[in-house]
Amino acid sequence: QVQLVESGGGLVQPGGSLRLSCAASRNIFDFNFMGWYRRTPGEERELVARINVGGRTDYADSAKGRFTISRDSAENTVYLQMSSLKPEDTAVYYCYAAILSRISWGQGIQVTVSS
């Protein structure tokens, strides 16, 4: 079991940046993957970015070149740096942590991109 606490969301103008943080209650290297999903009303949940225990990263096509996932093992925290934000990035972002098929989720955090 793990507790995941997200922070860093909010309102930003198009073209702006935000950094989301996901603080885990245990060692992040216990997990095969950690990452971020997002969901907008009426849409399917979308995997935005993930990082595996070895440090390999994967991104949704919509996130490539604009978002960067990283981690700080000393802080047991995973970050999502988002730049060049667009209105279509507006969503609730969820941090997750996976050990094989067992997935834990954060509570979700709102990101709104609007002028």
# chains A, B, ... in the order shown; residues from 1 in each chain; ligands from 1
$ residues_around --residues "Thr68 in chain A" --least-positions-apart "5" --cutoff "12 Å" --atoms "only C-alpha atoms" --output "PyMOL selection string"
chain A and resi 17-21+35-36+48-51+56-60+63+78-84
$ residues_around --residues "range 44-46 of chain A" --least-positions-apart "6" --cutoff "10 Å" --atoms "only C-alpha atoms" --output "list of chain:residue names"
A:Trp36, A:Tyr37, A:Arg38, A:Ala60, A:Ala91, A:Val92, A:Tyr93, A:Tyr94
$ select_by_dssp --residues "chain A" --states "strand (DSSP E)" --output "ChimeraX atom specification"
/A:4-7,10-12,18-24,33-39,46-52,57-59,67-72,77-82,91-99,102-105,109-113
$ residues_around --residues "Pro87 in chain A" --least-positions-apart "5" --cutoff "8 Å" --atoms "only C-alpha atoms" --output "ChimeraX atom specification"
/A:14,112-114
$ residues_around --residues "Gln1 in chain A" --least-positions-apart "5" --cutoff "10 Å" --atoms "only C-alpha atoms" --output "list in words"
Ser25, Arg26, Ala97, Arg102, Ile103 and Ser104 of chain A
$ write_last_selection --atoms "C-alpha atoms" --output "PDB file, in the first residue's frame"
ATOM      1  CA  SER A  25       4.729   7.398   1.237  1.00  0.00           C
ATOM      2  CA  ARG A  26       7.309   4.741   0.445  1.00  0.00           C
ATOM      3  CA  ALA A  97       2.275   3.774  -8.925  1.00  0.00           C
ATOM      4  CA  ARG A 102      -1.414  -3.649  -8.583  1.00  0.00           C
ATOM      5  CA  ILE A 103      -1.970   0.058  -9.119  1.00  0.00           C
ATOM      6  CA  SER A 104      -2.321   2.798  -6.546  1.00  0.00           C
TER       7      SER A 104
END
$ closest_residue --among "A:Asn76, A:Ser62, A:Ser101, A:Ser70" --to "Val2 in chain A" --atoms "only C-alpha atoms"
A:Asn76
$ select_by_dssp --residues "range 4-95 of chain A" --states "helix (DSSP H, G or I)" --output "NGL selection string"
:A and (28-30 or 87-89)
$ closest_residue --among "A:Ala74, A:Leu11, A:Met34, A:Asn52" --to "Trp105 in chain A" --atoms "only C-alpha atoms"
A:Met34
